[in-house]
file protein_5.cif (mmCIF, C-alpha atoms)
data_model
#
loop_
_atom_site.label_atom_id
_atom_site.label_comp_id
_atom_site.auth_asym_id
_atom_site.auth_seq_id
_atom_site.Cartn_x
_atom_site.Cartn_y
_atom_site.Cartn_z
CA MET H 1 28.37 -39.26 6.21
CA THR H 2 24.83 -40.63 5.94
CA THR H 3 23.88 -41.92 2.50
CA TRP H 4 21.40 -39.64 0.74
CA TYR H 5 18.66 -42.27 0.56
CA LYS H 6 18.68 -42.59 4.35
CA LYS H 7 17.37 -39.04 4.78
CA GLU H 8 13.74 -37.91 4.76
CA ASP H 9 14.68 -34.61 3.13
CA SER H 10 16.09 -36.44 0.12
CA TRP H 11 12.97 -38.53 -0.37
CA ALA H 12 10.67 -35.55 0.18
CA MET H 13 12.46 -33.68 -2.61
CA LEU H 14 12.62 -36.70 -4.91
CA ILE H 15 8.94 -37.62 -4.51
CA ALA H 16 7.74 -34.04 -4.97
CA LEU H 17 9.97 -33.40 -7.98
CA LEU H 18 8.89 -36.69 -9.58
CA LEU H 19 5.26 -35.65 -9.14
CA LEU H 20 6.08 -32.27 -10.69
CA LEU H 21 7.76 -34.03 -13.62
CA LEU H 22 4.81 -36.39 -14.05
CA ALA H 23 2.30 -33.52 -14.05
CA THR H 24 4.41 -31.62 -16.58
CA LEU H 25 4.71 -34.63 -18.89
CA LEU H 26 0.99 -35.30 -18.73
CA PHE H 27 0.27 -31.66 -19.57
CA THR H 28 2.72 -31.44 -22.47
CA GLY H 29 1.45 -34.80 -23.74
CA GLY H 30 -2.12 -33.52 -23.81
CA ALA H 31 -3.23 -36.07 -21.21
CA SER H 32 -5.72 -33.89 -19.33
CA GLY H 33 -7.50 -37.02 -18.17
CA GLY H 34 -4.29 -38.18 -16.52
CA LEU H 35 -3.99 -34.86 -14.70
CA ARG H 36 -7.52 -35.24 -13.37
CA LEU H 37 -6.58 -38.68 -12.05
CA LEU H 38 -3.38 -37.31 -10.55
CA GLY H 39 -5.19 -34.52 -8.70
CA ALA H 40 -8.05 -36.54 -7.28
CA HIS H 41 -10.61 -34.47 -5.38
CA PHE H 42 -14.30 -34.66 -4.52
CA ALA H 43 -16.94 -32.37 -5.93
CA THR H 44 -19.17 -30.60 -3.41
CA TRP H 45 -22.10 -32.72 -2.24
CA SER H 46 -25.11 -31.98 -0.06
CA SER H 47 -27.30 -35.09 -0.16
CA TRP H 48 -27.01 -38.86 -0.34
CA ALA H 49 -27.71 -38.72 -4.06
CA THR H 50 -24.93 -36.23 -4.79
CA LEU H 51 -22.64 -38.07 -2.36
CA THR H 52 -23.11 -41.32 -4.29
CA ALA H 53 -22.53 -39.53 -7.60
CA THR H 54 -19.32 -37.76 -6.53
CA LEU H 55 -17.96 -40.89 -4.89
CA ALA H 56 -18.58 -42.97 -8.01
CA ALA H 57 -17.01 -40.31 -10.22
CA THR H 58 -13.92 -40.01 -8.02
CA LEU H 59 -13.20 -43.68 -7.29
CA PRO H 60 -10.97 -44.25 -10.37
CA ALA H 61 -8.83 -41.23 -9.51
CA LEU H 62 -8.64 -42.30 -5.86
CA ALA H 63 -7.44 -45.76 -6.90
CA VAL H 64 -4.78 -44.33 -9.24
CA LEU H 65 -3.63 -41.85 -6.61
CA TYR H 66 -3.42 -44.59 -3.98
CA LEU H 67 -1.24 -46.79 -6.17
CA LEU H 68 0.98 -43.86 -7.16
CA LEU H 69 1.50 -42.65 -3.58
CA LEU H 70 1.93 -46.19 -2.30
CA ALA H 71 4.70 -46.77 -4.84
CA LEU H 72 6.52 -43.48 -4.21
CA VAL H 73 6.11 -43.27 -0.45
CA GLY H 74 6.69 -47.00 -0.09
CA LEU H 75 9.95 -46.73 -2.00
CA GLY H 76 10.99 -43.88 0.27
CA ALA H 77 10.04 -45.88 3.36
CA ARG H 78 12.19 -48.76 2.18
CA GLY H 79 15.15 -46.46 1.56
CA LEU H 80 14.72 -44.92 4.99
CA GLY H 81 14.74 -48.35 6.61
CA TYR H 82 11.15 -48.43 7.87
CA ASP H 83 9.43 -51.77 8.43
CA GLY H 84 8.13 -52.30 4.88
CA LYS H 85 5.09 -54.51 5.55
CA ARG H 86 3.89 -52.54 8.56
CA PHE H 87 4.43 -49.24 6.77
CA LEU H 88 2.44 -50.28 3.69
CA LEU H 89 -0.42 -51.59 5.84
CA GLY H 90 -0.38 -48.46 7.95
CA PHE H 91 -0.17 -46.16 4.94
CA SER H 92 -3.13 -47.91 3.33
CA LEU H 93 -5.27 -47.25 6.41
CA LEU H 94 -3.95 -43.70 6.65
CA TYR H 95 -4.87 -43.08 3.01
CA GLY H 96 -8.34 -44.51 3.67
CA LEU H 97 -8.76 -42.07 6.55
CA GLY H 98 -7.56 -39.30 4.23
CA VAL H 99 -10.25 -40.23 1.70
CA LEU H 100 -12.87 -40.12 4.45
CA VAL H 101 -11.64 -36.69 5.54
CA ALA H 102 -11.62 -35.38 1.96
CA LEU H 103 -15.15 -36.69 1.43
CA LEU H 104 -16.43 -35.05 4.61
CA SER H 105 -14.72 -31.73 3.90
CA SER H 106 -16.40 -31.56 0.47
CA ASN H 107 -19.83 -31.53 2.10
CA SER H 108 -21.56 -28.21 1.44
CA LEU H 109 -22.56 -27.72 5.09
CA LEU H 110 -19.04 -28.34 6.42
CA LYS H 111 -17.68 -26.09 3.68
CA SER H 112 -19.96 -23.31 4.88
CA TRP H 113 -18.45 -23.78 8.34
CA GLN H 114 -14.97 -23.37 6.77
CA LEU H 115 -13.84 -26.80 7.98
CA GLU H 116 -10.95 -27.60 5.64
CA SER H 117 -9.48 -31.10 5.13
CA PRO H 118 -6.39 -30.58 7.34
CA LEU H 119 -8.51 -29.45 10.28
CA LEU H 120 -10.90 -32.38 9.91
CA ALA H 121 -7.89 -34.69 9.60
CA LEU H 122 -6.51 -33.31 12.85
CA ALA H 123 -9.88 -33.80 14.55
CA VAL H 124 -10.27 -37.38 13.27
CA GLY H 125 -6.75 -38.24 14.41
CA LEU H 126 -7.21 -36.67 17.85
CA ILE H 127 -10.54 -38.44 18.44
CA TRP H 128 -9.16 -41.86 17.54
CA ALA H 129 -5.82 -41.44 19.34
CA ASN H 130 -7.48 -40.29 22.55
CA GLY H 131 -10.51 -42.56 22.40
CA ALA H 132 -9.08 -45.93 21.44
CA ARG H 133 -5.79 -47.77 21.13
CA LEU H 134 -4.02 -47.56 17.78
CA PRO H 135 -2.83 -50.78 16.11
CA ALA H 136 0.94 -51.05 16.30
CA TRP H 137 1.30 -51.46 12.55
CA LEU H 138 -0.47 -48.12 11.94
CA GLU H 139 2.04 -46.24 14.08
CA SER H 140 4.84 -47.22 11.67
CA ALA H 141 3.18 -45.11 8.94
CA LEU H 142 2.65 -41.99 11.07
CA ARG H 143 5.65 -40.11 9.68
CA THR H 144 4.73 -36.48 10.16
CA GLU H 145 8.07 -35.07 9.01
CA PHE H 146 8.12 -37.21 5.87
CA TYR H 147 4.70 -36.03 4.72
CA VAL H 148 5.03 -32.38 5.68
CA LYS H 149 8.41 -32.00 3.98
CA THR H 150 7.01 -33.49 0.76
CA GLY H 151 4.04 -31.15 1.00
CA ILE H 152 6.31 -28.13 1.46
CA VAL H 153 8.36 -29.00 -1.64
CA LEU H 154 5.10 -29.38 -3.58
CA MET H 155 4.10 -25.99 -2.22
CA GLY H 156 7.19 -24.59 -3.92
CA ALA H 157 6.04 -26.12 -7.20
CA THR H 158 2.70 -24.33 -6.92
CA LEU H 159 4.28 -20.97 -6.02
CA PRO H 160 6.38 -19.78 -8.96
CA PHE H 161 8.85 -16.96 -8.51
CA SER H 162 6.50 -14.67 -10.41
CA LEU H 163 4.08 -14.99 -7.50
CA ILE H 164 6.86 -14.29 -5.03
CA LEU H 165 7.69 -11.12 -6.96
CA THR H 166 4.01 -10.16 -6.87
CA ALA H 167 4.23 -10.01 -3.11
CA GLY H 168 6.64 -7.09 -3.44
CA PRO H 169 8.47 -5.48 -0.55
CA ALA H 170 5.33 -5.32 1.61
CA ALA H 171 4.87 -9.04 2.23
CA ILE H 172 8.60 -9.78 2.50
CA GLY H 173 9.23 -6.73 4.71
CA GLN H 174 6.29 -7.44 6.99
CA ALA H 175 7.22 -11.11 7.23
CA LEU H 176 10.79 -10.21 8.13
CA ILE H 177 9.69 -7.85 10.92
CA VAL H 178 7.22 -10.35 12.34
CA SER H 179 9.54 -13.33 12.19
CA VAL H 180 12.50 -11.50 13.76
CA VAL H 181 10.54 -9.80 16.57
CA THR H 182 8.51 -12.91 17.46
CA PHE H 183 11.46 -15.31 17.27
CA VAL H 184 13.78 -13.13 19.36
CA SER H 185 11.06 -12.27 21.89
CA ILE H 186 10.12 -15.89 22.60
CA PHE H 187 13.75 -16.98 22.64
CA LEU H 188 14.73 -14.32 25.20
CA ILE H 189 11.63 -14.92 27.34
CA ALA H 190 12.22 -18.68 27.31
CA THR H 191 15.97 -18.62 28.00
CA ARG H 192 16.65 -15.53 30.11
CA GLY H 193 13.25 -15.15 31.70
CA LEU H 194 12.22 -18.77 32.24
CA GLY H 195 15.53 -20.64 32.12
CA LEU H 196 14.64 -23.04 29.29
CA ASP H 197 17.26 -24.81 27.19
CA LYS H 198 18.38 -22.80 24.14
CA ARG H 199 17.48 -25.57 21.68
CA PHE H 200 14.04 -25.91 23.24
CA ALA H 201 13.58 -22.14 23.07
CA ALA H 202 14.59 -22.15 19.39
CA CYS H 203 11.91 -24.75 18.58
CA LEU H 204 9.24 -22.74 20.40
CA SER H 205 10.38 -19.53 18.67
CA ALA H 206 10.31 -21.10 15.21
CA GLY H 207 6.88 -22.64 15.73
CA ALA H 208 5.39 -19.23 16.52
CA SER H 209 7.37 -17.00 14.17
CA ILE H 210 7.86 -18.90 10.92
CA CYS H 211 5.66 -21.75 9.75
CA GLY H 212 4.34 -23.67 12.70
CA VAL H 213 4.88 -27.41 12.76
CA SER H 214 7.34 -27.51 9.86
CA GLY H 215 9.26 -24.59 11.37
CA ALA H 216 9.60 -26.34 14.72
CA ILE H 217 10.69 -29.53 12.96
CA ALA H 218 13.23 -27.78 10.73
CA ILE H 219 14.76 -25.72 13.52
CA GLY H 220 14.76 -28.69 15.88
CA GLY H 221 16.76 -30.65 13.32
CA ALA H 222 19.10 -27.76 12.67
CA CYS H 223 20.10 -27.43 16.34
CA ARG H 224 19.60 -31.09 17.29
CA ALA H 225 16.91 -30.45 19.86
CA ARG H 226 15.61 -33.47 21.72
CA LYS H 227 12.61 -35.22 20.22
CA GLU H 228 10.40 -34.42 23.20
CA GLN H 229 11.29 -30.72 22.90
CA VAL H 230 10.17 -30.67 19.26
CA SER H 231 7.00 -32.57 20.23
CA VAL H 232 6.11 -29.98 22.89
CA ALA H 233 6.66 -27.14 20.38
CA ILE H 234 4.44 -28.91 17.84
CA SER H 235 1.74 -29.44 20.48
CA LEU H 236 1.72 -25.75 21.40
CA VAL H 237 1.60 -24.75 17.72
CA ILE H 238 -1.41 -27.01 17.16
CA VAL H 239 -3.28 -25.73 20.22
CA TRP H 240 -2.77 -22.07 19.37
CA ALA H 241 -3.38 -22.61 15.64
CA VAL H 242 -6.79 -24.12 16.35
CA VAL H 243 -7.65 -21.29 18.75
CA MET H 244 -6.66 -18.68 16.15
CA ILE H 245 -8.89 -20.26 13.49
CA PHE H 246 -11.88 -18.97 15.45
CA VAL H 247 -10.39 -15.92 17.18
CA LEU H 248 -8.82 -14.12 14.21
CA PRO H 249 -11.89 -14.01 11.90
CA LEU H 250 -14.01 -12.79 14.83
CA LEU H 251 -11.51 -10.03 15.63
CA CYS H 252 -11.29 -9.03 11.96
CA ARG H 253 -15.07 -8.66 11.72
CA ALA H 254 -15.34 -6.86 15.06
CA LEU H 255 -12.69 -4.36 13.96
CA GLY H 256 -14.27 -3.94 10.51
CA LEU H 257 -11.03 -4.71 8.67
CA ASP H 258 -10.70 -4.64 4.90
CA SER H 259 -10.52 -8.20 3.58
CA GLY H 260 -6.96 -7.75 2.28
CA VAL H 261 -5.82 -6.32 5.62
CA ALA H 262 -7.61 -9.16 7.44
CA GLY H 263 -5.86 -11.77 5.30
CA ALA H 264 -2.48 -10.15 5.94
CA TRP H 265 -3.10 -10.05 9.71
CA ILE H 266 -4.08 -13.71 9.67
CA GLY H 267 -0.91 -14.39 7.69
CA THR H 268 1.24 -12.79 10.39
CA SER H 269 -0.59 -14.22 13.41
CA GLU H 270 -1.65 -17.74 12.42
CA PHE H 271 0.92 -20.49 13.04
CA ALA H 272 0.02 -23.25 10.57
CA ASP H 273 -0.65 -22.92 6.84
CA ALA H 274 -3.70 -25.19 6.86
CA ALA H 275 -5.24 -23.47 9.88
CA GLY H 276 -4.46 -20.08 8.35
CA PHE H 277 -6.17 -20.98 5.07
CA ALA H 278 -9.25 -21.95 7.07
CA ALA H 279 -9.20 -18.66 9.00
CA ALA H 280 -8.67 -16.60 5.84
CA ALA H 281 -11.45 -18.45 4.04
CA ALA H 282 -13.78 -17.58 6.93
CA ILE H 283 -13.45 -13.90 5.95
CA GLY H 284 -15.48 -14.76 2.85
CA ASP H 285 -13.46 -12.80 0.29
CA GLU H 286 -10.86 -14.00 -2.22
CA ALA H 287 -8.65 -11.00 -1.37
CA ALA H 288 -8.27 -12.33 2.18
CA LYS H 289 -6.98 -15.66 0.90
CA SER H 290 -4.66 -13.93 -1.56
CA ALA H 291 -3.23 -11.66 1.15
CA PHE H 292 -2.82 -14.60 3.52
CA THR H 293 -0.95 -16.64 0.93
CA LEU H 294 1.41 -13.81 0.08
CA MET H 295 2.00 -13.02 3.75
CA LYS H 296 2.25 -16.49 5.31
CA VAL H 297 3.28 -18.89 2.60
CA VAL H 298 5.44 -16.65 0.41
CA GLY H 299 6.61 -14.32 3.17
CA ARG H 300 6.99 -16.15 6.48
CA ASP H 301 7.38 -19.76 5.36
CA MET H 302 10.40 -19.00 3.20
CA PHE H 303 12.31 -17.78 6.26
CA VAL H 304 12.57 -21.39 7.45
CA GLY H 305 15.83 -21.83 5.57
CA VAL H 306 17.27 -18.56 6.85
CA TRP H 307 16.42 -19.29 10.47
CA ALA H 308 17.58 -22.91 10.16
CA PHE H 309 20.96 -21.68 8.92
CA ILE H 310 21.25 -19.10 11.72
CA VAL H 311 20.23 -21.56 14.43
CA ALA H 312 22.53 -24.27 13.06
CA LEU H 313 25.39 -21.75 13.05
CA LEU H 314 24.67 -20.73 16.66
CA SER H 315 24.30 -24.34 17.77
CA VAL H 316 27.58 -25.43 16.20
CA SER H 317 29.70 -22.37 16.97
CA VAL H 318 28.31 -21.27 20.37
CA TRP H 319 25.90 -23.56 22.22
CA GLU H 320 27.77 -26.81 21.68
CA ARG H 321 31.22 -25.27 21.84
CA GLN H 322 30.42 -24.05 25.34
CA SER H 323 29.81 -27.62 26.45
CA LEU H 324 32.88 -29.13 24.76
CA ALA H 325 36.45 -29.36 25.93
CA HIS H 326 38.78 -26.85 24.34
CA SER H 327 40.50 -29.67 22.45
CA GLU H 328 37.30 -30.65 20.67
CA ARG H 329 36.30 -28.86 17.50
CA ILE H 330 33.20 -28.86 15.35
CA GLY H 331 33.85 -28.49 11.65
CA ALA H 332 32.14 -25.78 9.62
CA GLY H 333 30.69 -28.51 7.39
CA GLU H 334 28.46 -29.51 10.28
CA ILE H 335 26.26 -26.50 9.51
CA TRP H 336 25.57 -27.83 6.02
CA GLN H 337 24.88 -31.30 7.41
CA ARG H 338 22.17 -29.90 9.68
CA PHE H 339 20.63 -27.53 7.17
CA PRO H 340 17.12 -28.80 6.22
CA LYS H 341 17.72 -29.80 2.61
CA PHE H 342 14.02 -30.03 1.76
CA ILE H 343 13.95 -26.21 1.78
CA LEU H 344 16.28 -26.35 -1.23
CA GLY H 345 13.70 -28.59 -2.87
CA PHE H 346 11.08 -25.89 -2.27
CA PHE H 347 13.11 -23.30 -4.16
CA LEU H 348 14.13 -25.76 -6.89
CA ALA H 349 10.51 -26.73 -7.52
CA SER H 350 9.54 -23.06 -7.65
CA LEU H 351 12.33 -22.32 -10.11
CA LEU H 352 11.41 -25.24 -12.37
CA THR H 353 7.78 -24.16 -12.39
CA THR H 354 8.72 -20.60 -13.30
CA LEU H 355 10.96 -21.76 -16.15
CA MET H 356 8.22 -24.05 -17.45
CA ILE H 357 5.60 -21.28 -17.43
CA GLY H 358 8.00 -19.00 -19.30
CA ALA H 359 8.90 -21.66 -21.86
CA LEU H 360 5.25 -22.40 -22.63
CA GLY H 361 4.44 -18.78 -23.48
CA ASP H 362 0.71 -18.51 -24.11
CA GLY H 363 0.28 -22.03 -22.77
CA GLY H 364 1.59 -20.99 -19.36
CA THR H 365 -1.86 -20.05 -18.10
CA ALA H 366 -3.26 -23.47 -19.00
CA TYR H 367 -0.24 -25.12 -17.36
CA GLN H 368 -0.90 -23.23 -14.15
CA LYS H 369 -4.57 -24.18 -14.18
CA GLU H 370 -4.22 -27.85 -15.12
CA ALA H 371 -0.78 -29.10 -14.05
CA LEU H 372 -0.31 -26.86 -11.02
CA GLY H 373 -3.97 -27.36 -10.11
CA ALA H 374 -3.30 -31.11 -9.90
CA LEU H 375 -0.17 -30.49 -7.81
CA LYS H 376 -2.14 -28.26 -5.43
CA ASN H 377 -4.54 -31.14 -4.87
CA LEU H 378 -1.59 -33.47 -4.30
CA ARG H 379 -0.15 -30.96 -1.84
CA GLY H 380 -3.47 -31.04 -0.03
CA TRP H 381 -3.30 -34.85 0.24
CA PHE H 382 0.16 -34.72 1.81
CA PHE H 383 -0.95 -32.07 4.30
CA THR H 384 -3.99 -34.19 5.13
CA LEU H 385 -1.66 -37.14 5.82
CA THR H 386 0.46 -34.79 7.92
CA PHE H 387 -2.41 -33.63 10.10
CA LEU H 388 -3.79 -37.15 10.44
CA SER H 389 -0.35 -38.24 11.66
CA ILE H 390 -0.15 -35.32 14.09
CA GLY H 391 -3.60 -36.08 15.48
CA LEU H 392 -2.94 -39.81 15.76
CA THR H 393 0.30 -39.23 17.65
CA THR H 394 -1.05 -36.53 20.01
CA ARG H 395 -2.33 -37.61 23.41
CA PHE H 396 -4.19 -35.03 25.49
CA ARG H 397 -2.78 -36.51 28.66
CA GLU H 398 0.70 -35.84 27.31
CA LEU H 399 -0.19 -32.21 26.54
CA THR H 400 -0.90 -31.69 30.23
CA ALA H 401 2.76 -32.55 30.83
CA VAL H 402 3.98 -29.76 28.53
CA GLY H 403 4.78 -27.67 31.56
CA PHE H 404 3.98 -24.13 32.57
CA ARG H 405 7.20 -22.48 31.36
CA PRO H 406 7.01 -23.55 27.69
CA LEU H 407 3.31 -22.66 27.60
CA LEU H 408 4.00 -19.26 29.14
CA ALA H 409 6.88 -18.50 26.75
CA PHE H 410 4.81 -19.42 23.69
CA SER H 411 1.72 -17.57 24.94
CA LEU H 412 3.70 -14.39 25.65
CA GLY H 413 5.03 -14.65 22.11
CA VAL H 414 1.44 -14.79 20.85
CA ALA H 415 0.65 -11.71 22.93
CA ILE H 416 3.49 -9.87 21.15
CA ASN H 417 2.79 -11.26 17.67
CA LEU H 418 -0.95 -10.48 17.59
CA PRO H 419 -0.87 -6.67 18.09
CA LEU H 420 2.32 -6.38 16.04
CA GLY H 421 0.66 -8.12 13.09
CA TYR H 422 -2.41 -5.92 13.40
CA TRP H 423 -0.33 -2.72 13.48
CA LEU H 424 1.76 -3.73 10.47
CA SER H 425 -1.24 -4.92 8.43
CA ASN H 426 -3.68 -2.14 9.25
CA HIS H 427 -1.26 0.81 9.46
CA VAL H 428 2.29 0.37 8.15
CA PHE H 429 1.46 -1.70 5.03
CA ALA H 430 -2.29 -1.00 4.91
CA ASP H 431 -2.28 0.72 1.50
CA PHE H 432 -0.68 -2.31 -0.13
CA TRP H 433 -3.11 -4.81 1.37
CA ARG H 434 -6.19 -2.68 0.65
CA SER H 435 -5.19 -2.28 -3.00
CA LEU H 436 -4.50 -6.00 -3.43
CA PRO H 437 -6.50 -7.22 -6.45
CA LYS H 438 -8.62 -10.31 -6.18
CA GLY H 439 -7.55 -13.55 -7.79
CA ILE H 440 -3.76 -13.25 -7.40
CA ILE H 441 -3.62 -16.82 -6.26
CA GLY H 442 -4.52 -19.12 -9.10
#

call {"tool": "encode", "arguments": {"input": "protein_5.cif", "output": "structure tokens"}}
result
Amino acid sequence: MTTWYKKEDSWAMLIALLLLLLATLLFTGGASGGLRLLGAHFATWSSWATLTATLAATLPALAVLYLLLLALVGLGARGLGYDGKRFLLGFSLLYGLGVLVALLSSNSLLKSWQLESPLLALAVGLIWANGARLPAWLESALRTEFYVKTGIVLMGATLPFSLILTAGPAAIGQALIVSVVTFVSIFLIATRGLGLDKRFAACLSAGASICGVSGAIAIGGACRARKEQVSVAISLVIVWAVVMIFVLPLLCRALGLDSGVAGAWIGTSEFADAAGFAAAAAIGDEAAKSAFTLMKVVGRDMFVGVWAFIVALLSVSVWERQSLAHSERIGAGEIWQRFPKFILGFFLASLLTTLMIGALGDGGTAYQKEALGALKNLRGWFFTLTFLSIGLTTRFRELTAVGFRPLLAFSLGVAINLPLGYWLSNHVFADFWRSLPKGIIG
């Protein structure tokens, strides 16, 4: 059995929970200045004068955040057996790129274009990776799974169970319908219609039906899909997620949808959280972002654990058993070994946050604003690192080798998902989304 500190899931949970603990201690200790340093972010700027001012004001927080992340992520990298010197050098450059992305995304013009940090990070990574050779020592720090898993656990910390309950049966019910229909449709098209490997089909299905990149990664790990199969699924998620950033807001406006309904439709039909936030923000109404968060993050994303368990069970009990001799057996414990443990960290962080808000009583609102506000910024940094890593490891020439069958299976899934999400959002659950109050998401 692999030692716990040799697993990315363990370090993702540990780092995120330590950051949650640090934010909580700073809040309870009255160190609001420390929380501002912890959640470093740039103020909006529109000219060289305001750029200089916001950069000067943010430099101390950026330095503190760099040292904190370097210590935590570096410790994790050492435990995971990465090349320590190369990783620290690479992470330093990656963080510098992240700062550049955060600075650009805080520009008022780019904000008006709804270009969020993750999307800019993806663009910066793609331009560099496809325009020039990367230094070898940078590649050692491009650990997409490490960063995205930490970001997901931090997402749990910023989504207390009270928010999950706010979603009610509408978001959970709609998410269940969408995830089941889309997953099963793509899986059957890919395996029975196009003859793809079951593990490959599961990665494609998860990427389209649950939570994009992290879904493909989690399901790929649960069924032990080949690395190149997970990479193809991630590539298709990225391509379609970027397309949907522009397509979905245009369709919502053309159809004259209520902002809550539009946000819910985006939540069912967008594949990546960051891309979905950008699309929902393009609607120009807080209700759209609230509906998207309830639908995508609270509803669909939480099905990662359920689908990972189901796929791991199928892989162990059916797919692999079919290829083994009758004398060979796979123990039931193998399912637990393959289950993505970082999902447990998501729920644990959410539970701890909920308990803390309840224990603080009247101070719970301030805790949500200050401590959880800092953690949301930290979550954004980890997602920026994730999308930089994805961009820097994606080669357009490799995307052309994805193959027609995977592209067709995924695209047919999109063709099923899009009208299904519209029907559910604008008809079946329309009353709920239209009555959604603004400002649910703090």

call {"tool": "resolve_selection", "arguments": {"input": "protein_5.cif", "expression": "the PyMOL selection byres ((chain H and resi 177-185) around 8)", "output": "short mmCIF file (atom, residue, chain, number, x, y, z; two decimals) with C-alpha atoms, keeping the file's coordinate frame"}}
result
data_model
loop_
_atom_site.label_atom_id
_atom_site.label_comp_id
_atom_site.auth_asym_id
_atom_site.auth_seq_id
_atom_site.Cartn_x
_atom_site.Cartn_y
_atom_site.Cartn_z
CA GLY H 173 9.23 -6.73 4.71
CA GLN H 174 6.29 -7.44 6.99
CA ALA H 175 7.22 -11.11 7.23
CA LEU H 176 10.79 -10.21 8.13
CA ILE H 186 10.12 -15.89 22.60
CA PHE H 187 13.75 -16.98 22.64
CA LEU H 188 14.73 -14.32 25.20
CA ILE H 189 11.63 -14.92 27.34
CA ALA H 202 14.59 -22.15 19.39
CA SER H 205 10.38 -19.53 18.67
CA ALA H 206 10.31 -21.10 15.21
CA ALA H 208 5.39 -19.23 16.52
CA SER H 209 7.37 -17.00 14.17
CA ILE H 210 7.86 -18.90 10.92
CA THR H 268 1.24 -12.79 10.39
CA ARG H 300 6.99 -16.15 6.48
CA PHE H 303 12.31 -17.78 6.26
CA GLY H 413 5.03 -14.65 22.11
CA ILE H 416 3.49 -9.87 21.15
CA ASN H 417 2.79 -11.26 17.67
CA LEU H 420 2.32 -6.38 16.04
CA GLY H 421 0.66 -8.12 13.09
#

call {"tool": "residues_around", "arguments": {"input": "protein_5.cif", "residues": "region 119-135 of chain H", "least_positions_apart": "3", "cutoff": "10 Å", "atoms": "all atoms listed in the file", "output": "PyMOL selection string"}}
result
chain H and resi 90+94+97-102+104-105+110+114-116+138-140+238+242+245+274-275+278+383-397

call {"tool": "closest_residue", "arguments": {"input": "protein_5.cif", "among": "H:Tyr66, H:Trp265, H:Phe347, H:Trp381", "to": "Ala430 (chain H)", "atoms": "only C-alpha atoms"}}
result
H:Trp265

call {"tool": "closest_residue", "arguments": {"input": "protein_5.cif", "among": "H:Ala171, H:Leu204, H:Ile219, H:Met13", "to": "Ala291 (chain H)", "atoms": "all atoms listed in the file"}}
result
H:Ala171

call {"tool": "closest_residue", "arguments": {"input": "protein_5.cif", "among": "H:Leu418, H:Ala77, H:Val213, H:Leu62", "to": "Ala264 (chain H)", "atoms": "all atoms listed in the file"}}
result
H:Leu418

call {"tool": "residues_around", "arguments": {"input": "protein_5.cif", "residues": "Ala170 (chain H)", "least_positions_apart": "6", "cutoff": "9 Å", "atoms": "all atoms listed in the file", "output": "list in words"}}
result
Met295, Phe429, Phe432 and Trp433 of chain H

call {"tool": "residues_around", "arguments": {"input": "protein_5.cif", "residues": "Ser92 (chain H)", "least_positions_apart": "3", "cutoff": "10 Å", "atoms": "only C-alpha atoms", "output": "PyMOL selection string"}}
result
chain H and resi 66-67+69-70+86-89+95-98+138+141

call {"tool": "closest_residue", "arguments": {"input": "protein_5.cif", "among": "H:Glu286, H:Glu370, H:Asp197, H:Asp83", "to": "Gly260 (chain H)", "atoms": "only C-alpha atoms"}}
result
H:Glu286

call {"tool": "atom_distance", "arguments": {"input": "protein_5.cif", "atom1": "CA of Ser411 (chain H)", "atom2": "CA of Arg226 (chain H)"}}
result
21.4 Å
